[in-house]
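Data first, discussion second: the structure below is written as structure tokens.
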Amino acid sequence: MAEKTPSHLHKELTLFDLQKMFPTDHEAKKWIENIRWVDGLKCPHCQGTNIQTIVTHKTMDYRCRSCRNWFSVRTGTIMQKSKLPLLHWVYAVYIQTSRSKGKARMQVHRELGITPKTAWLLLHRMRKAWEERVGMFSGPVEVDET
């Protein structure tokens with residue numbers, strides 16, 4: 001008989017849960033850092049570990065002492081060069097992944113309070129990243145009537 005997975009592992013995340021997890025941009029940043037650098041902080045340019053963390057740069061939080069490049073949690077991700085707060089990115093990913101079909105640009109624009117163009121760019125970057133990560137379908141693919 002197959003072992004059942006505990007029901008608490010399948011609990012869907014609600015907007016209230018998300019708000020508790022990420023009350024500010026700082027918590028979102030720390031969460032992304034923990035996911036990105038599980039084995040410790042590394043330079044996205046040279047993979048060096050000699051990182052200066054107390055820096056006075058306006059937008060870059062780290063400086064690699066090996067290659068002397070500045071970087072942040074956004075560097076080398078879909079969020080690179082985006083001026084949107086990290087909370088917007090977290091909520092946008094939640095919105096897109098919590099619905100079976102995702103959300104349209106205009107719905108994301110209204111829900112996040114951003115311009116339609118920004119919503120389109122945000123969604124485009126997410127879809128591009130998922131396409132690169134998952135790739136094209138291989139093997140049998142099942143579709144319904146829609």
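By order of appearance in the structure tokens: chains A, B, ..., then residues from 1 within every chain, and ligands from 1 in the order shown.
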
Inset, instruction - Give the helix (DSSP H, G or I) residues of stretch 4-66 of chain A, as assigned by DSSP on the backbone, as an NGL selection string. - result: :A and (7-10 or 15-21 or 25-36)

Name the residues of stretch 41-118 of chain A that fall into strand (DSSP E) according to DSSP on the backbone, using the chain letters and numbers of this document, as a tab-separated table (two decimals) with all heavy atoms, in the first residue's frame.
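Once written, part.tsv looks like this:
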```tsv
chain	number	residue	atom	x	y	z
A	51	ILE	N	32.98	37.85	-0.79
A	51	ILE	CA	31.96	38.86	-1.06
A	51	ILE	C	31.95	39.91	0.04
A	51	ILE	O	31.94	39.59	1.22
A	51	ILE	CB	30.57	38.22	-1.16
A	51	ILE	CG1	30.55	37.06	-2.16
A	51	ILE	CG2	29.51	39.25	-1.50
A	51	ILE	CD1	30.86	37.42	-3.57
A	52	GLN	N	31.91	41.16	-0.37
A	52	GLN	CA	31.76	42.28	0.55
A	52	GLN	C	30.27	42.56	0.67
A	52	GLN	O	29.59	42.81	-0.31
A	52	GLN	CB	32.50	43.49	0.00
A	52	GLN	CG	32.42	44.72	0.85
A	52	GLN	CD	33.14	45.90	0.22
A	52	GLN	OE1	33.74	45.79	-0.83
A	52	GLN	NE2	33.06	47.03	0.88
A	62	TYR	N	25.87	43.82	-2.87
A	62	TYR	CA	27.11	43.06	-2.69
A	62	TYR	C	28.16	43.47	-3.70
A	62	TYR	O	27.85	43.95	-4.79
A	62	TYR	CB	26.83	41.55	-2.84
A	62	TYR	CG	25.70	41.08	-1.98
A	62	TYR	CD1	24.45	40.80	-2.53
A	62	TYR	CD2	25.86	40.93	-0.62
A	62	TYR	CE1	23.40	40.37	-1.74
A	62	TYR	CE2	24.82	40.50	0.19
A	62	TYR	CZ	23.59	40.22	-0.38
A	62	TYR	OH	22.56	39.81	0.40
A	63	ARG	N	29.40	43.21	-3.33
A	63	ARG	CA	30.52	43.45	-4.23
A	63	ARG	C	31.48	42.28	-4.10
A	63	ARG	O	31.88	41.91	-3.00
A	63	ARG	CB	31.25	44.74	-3.87
A	63	ARG	CG	32.36	45.07	-4.83
A	63	ARG	CD	32.97	46.42	-4.48
A	63	ARG	NE	34.21	46.61	-5.18
A	63	ARG	CZ	35.40	46.23	-4.73
A	63	ARG	NH1	35.51	45.67	-3.55
A	63	ARG	NH2	36.48	46.43	-5.44
A	64	CYS	N	31.84	41.69	-5.25
A	64	CYS	CA	32.76	40.57	-5.26
A	64	CYS	C	34.19	41.12	-5.20
A	64	CYS	O	34.56	41.98	-6.00
A	64	CYS	CB	32.57	39.74	-6.52
A	64	CYS	SG	33.72	38.36	-6.66
A	70	TRP	N	29.79	44.52	-8.89
A	70	TRP	CA	28.69	44.72	-7.97
A	70	TRP	C	27.54	43.82	-8.39
A	70	TRP	O	27.34	43.57	-9.57
A	70	TRP	CB	28.21	46.18	-8.05
A	70	TRP	CG	29.21	47.18	-7.60
A	70	TRP	CD1	30.20	47.76	-8.35
A	70	TRP	CD2	29.35	47.74	-6.30
A	70	TRP	NE1	30.92	48.64	-7.61
A	70	TRP	CE2	30.42	48.65	-6.33
A	70	TRP	CE3	28.67	47.55	-5.09
A	70	TRP	CZ2	30.82	49.37	-5.22
A	70	TRP	CZ3	29.07	48.28	-3.99
A	70	TRP	CH2	30.13	49.18	-4.06
A	71	PHE	N	26.74	43.34	-7.42
A	71	PHE	CA	25.57	42.55	-7.76
A	71	PHE	C	24.55	42.60	-6.63
A	71	PHE	O	24.83	43.06	-5.53
A	71	PHE	CB	25.95	41.10	-8.10
A	71	PHE	CG	26.54	40.31	-6.97
A	71	PHE	CD1	25.74	39.48	-6.20
A	71	PHE	CD2	27.90	40.37	-6.68
A	71	PHE	CE1	26.27	38.73	-5.16
A	71	PHE	CE2	28.44	39.63	-5.65
A	71	PHE	CZ	27.63	38.80	-4.88
```

Inset, instruction - Please identify all polymer residues within 12 Å of A:Asp25, counting only C-alpha atoms, omitting same-chain residues fewer than 4 positions from it, and present them as a list in words. - result: Gln19, Met21, Lys29, Lys30, Trp31, Ile32, Leu84, Pro85, Leu86, Leu87, His88, Trp89, Val90 and Tyr91 of chain A

Inset, instruction - Select, from A:Lys58, A:Ser82, A:His109, A:Val73, the residue with the minimum atom-to-atom distance to A:Trp37, counting only C-alpha atoms. - result: A:Val73

Inset, instruction - May I ask for the distance between atom CA of A:Arg105 and atom CA of A:Ala92, given in Å to one decimal place? - result: 10.5 Å

Legend entry - Straight-line distance linking atom CA of A:His26 with atom CA of A:Val108, stated in Å to one decimal: 22.3 Å

Legend entry - Selection near A:Gln96, 9 Å with only C-alpha atoms, sequence-local residues under 5 positions removed, as JSON, numbers by chain: {"A": [91, 101, 102, 103, 104, 108, 123, 126]}

Legend entry - Who sits within 12 Å of A:Ser66, only C-alpha atoms, same chain under 4 positions skipped, as a list in words: Lys42, Cys43, Pro44, His45, Cys46, Gln47, Gly48, Thr49, Asn50, Ile51, Gln52 and Trp70 of chain A

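For the atom pair formed by atom CA of A:Met106 and atom CA of A:Arg74, the distance is 24.9 Å, given to one decimal.
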
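Shortest separation to A:Arg65 among A:Leu122, A:Leu13, A:Leu112, A:Thr53 occurs at residue A:Thr53, atoms counted being only C-alpha atoms.
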